[in-house]
Amino acid sequence: MKRKTFSKRKMGIGLFVAFLLFIGAFNASVTKSQDATKNLIASHDSASPKYDKNCTNCHADILNQISLNPSIPNSHAAMLPYTPGKENNKKCIWCHRTVDLVQGTTRVEKSKGNLRKGVNMVLCAVCHSPSGPGPQFFQVELTPTDGASLYELMCAACHRDLANSQKKGKSVSKIQQAINKNKGGMGPLIVLSQEEIQAIADALAN
């Protein structure tokens, strides 16, 4: 009887130790993949003092990912050279404009993919519409023609919204010169027509 009781006690202690080891390993893996003490929402929100300007601090592997069809390049690697912005982080924000705060019950170690995900398809259509320089993905033109909307679409990611723009009063020639010289990574905006640049300049003048 004593031997059986000792055996059960020994088994119970063994299971408890195994449970503790499992919890420790789980916590270590979570910490390794995502710092549990980091405020993920704040680090993705440019209005927060805890904003992390270096996207690759957490997303360093994004350019090495392989698409479902290996013959088709990873979209991030394929589009980065054609995205406005001087550094990779500016390029990231040009496409991924907003912070999505709707996370539901997603666990913190899995939620980072929900924080900055939306890409406005109109940005894609600038190049991939019928008149764009890239392969045609859209059947109709989606790019707005008014200066205010064009500014918000093409310029606001780097130069703030129109009301608080750092480029108030910039002329057509100045904007075109910045594009031609690839100032601040503006080279890809060569896809804009003279009429579109004029509309943006008119919006900045007002």
# chains A, B, ... in the order shown; residues from 1 in each chain; ligands from 1
$ residues_around --residues "Ile197 of chain A" --least-positions-apart "4" --cutoff "10 Å" --atoms "only C-alpha atoms" --output "ChimeraX atom specification"
/A:147,150-151,171-173,175-176,189-190,192-193,201-203
$ write_last_selection --atoms "C-alpha atoms" --output "mmCIF file, in the first residue's frame"
data_model
loop_
_atom_site.group_PDB
_atom_site.id
_atom_site.type_symbol
_atom_site.label_atom_id
_atom_site.label_comp_id
_atom_site.auth_asym_id
_atom_site.auth_seq_id
_atom_site.Cartn_x
_atom_site.Cartn_y
_atom_site.Cartn_z
ATOM 1 C CA GLY A 147 -5.861 67.617 -56.087
ATOM 2 C CA LEU A 150 -4.456 62.929 -55.080
ATOM 3 C CA TYR A 151 -2.383 64.542 -52.344
ATOM 4 C CA SER A 171 4.813 74.701 -57.200
ATOM 5 C CA VAL A 172 4.464 72.255 -60.086
ATOM 6 C CA SER A 173 8.101 72.824 -61.065
ATOM 7 C CA ILE A 175 7.307 68.943 -57.246
ATOM 8 C CA GLN A 176 8.462 67.783 -60.690
ATOM 9 C CA LEU A 189 5.937 59.233 -58.588
ATOM 10 C CA ILE A 190 7.034 59.744 -62.168
ATOM 11 C CA LEU A 192 1.912 61.047 -62.212
ATOM 12 C CA SER A 193 0.851 63.101 -65.216
ATOM 13 C CA ALA A 201 0.095 71.908 -56.490
ATOM 14 C CA ASP A 202 -3.284 73.682 -56.650
ATOM 15 C CA ALA A 203 -4.397 71.829 -53.512
#
$ residues_around --residues "Ser75 of chain A" --least-positions-apart "4" --cutoff "10 Å" --atoms "only C-alpha atoms" --output "PyMOL selection string"
chain A and resi 62-63+65-67+79-80
$ atom_distance --atom1 "atom CA of Met186 of chain A" --atom2 "atom CA of Gly85 of chain A"
6.3 Å
$ select_by_dssp --residues "segment 117-162 of chain A" --states "helix (DSSP H, G or I)" --output "PyMOL selection string"
chain A and resi 121-128+147-154+156-159+162
$ closest_residue --among "A:Val140, A:Cys155, A:Cys92, A:Ile72" --to "Val119 of chain A" --atoms "only C-alpha atoms"
A:Cys92
$ residues_around --residues "Pro84 of chain A" --least-positions-apart "6" --cutoff "9 Å" --atoms "only C-alpha atoms" --output "PyMOL selection string"
chain A and resi 90-91+94+154+182+184-189
$ write_last_selection --atoms "C-alpha atoms" --output "PDB file, in the first residue's frame"
ATOM      1  CA  LYS A  90       8.908  55.012 -45.258  1.00  0.00           C
ATOM      2  CA  LYS A  91       8.131  52.637 -48.096  1.00  0.00           C
ATOM      3  CA  TRP A  94       3.343  54.420 -47.977  1.00  0.00           C
ATOM      4  CA  MET A 154       0.278  60.059 -53.152  1.00  0.00           C
ATOM      5  CA  ASN A 182      14.299  61.173 -56.637  1.00  0.00           C
ATOM      6  CA  GLY A 184      13.353  61.577 -50.513  1.00  0.00           C
ATOM      7  CA  GLY A 185      12.574  58.584 -52.700  1.00  0.00           C
ATOM      8  CA  MET A 186       9.979  60.432 -54.812  1.00  0.00           C
ATOM      9  CA  GLY A 187      11.260  58.933 -58.085  1.00  0.00           C
ATOM     10  CA  PRO A 188       8.445  56.355 -58.439  1.00  0.00           C
ATOM     11  CA  LEU A 189       5.937  59.233 -58.588  1.00  0.00           C
TER      12      LEU A 189
END
$ residues_around --residues "Pro133 of chain A" --least-positions-apart "6" --cutoff "10 Å" --atoms "only C-alpha atoms" --output "list of chain:residue names"
A:Val126, A:Cys127, A:Val191
$ write_last_selection --atoms "C-alpha atoms" --output "tab-separated table (two decimals), in the first residue's frame"
chain	number	residue	atom	x	y	z
A	126	VAL	CA	-2.02	54.01	-59.93
A	127	CYS	CA	0.36	51.66	-61.75
A	191	VAL	CA	3.83	57.82	-62.95
$ atom_distance --atom1 "atom CA of Cys58 of chain A" --atom2 "atom CA of Glu87 of chain A"
15.9 Å
$ closest_residue --among "A:Leu204, A:Leu142, A:His128, A:Pro135" --to "His159 of chain A" --atoms "only C-alpha atoms"
A:Leu204
$ residues_around --residues "Pro130 of chain A" --least-positions-apart "3" --cutoff "8 Å" --atoms "only C-alpha atoms" --output "list in words"
Gln136, Phe138, Gln139, Val140 and Glu141 of chain A
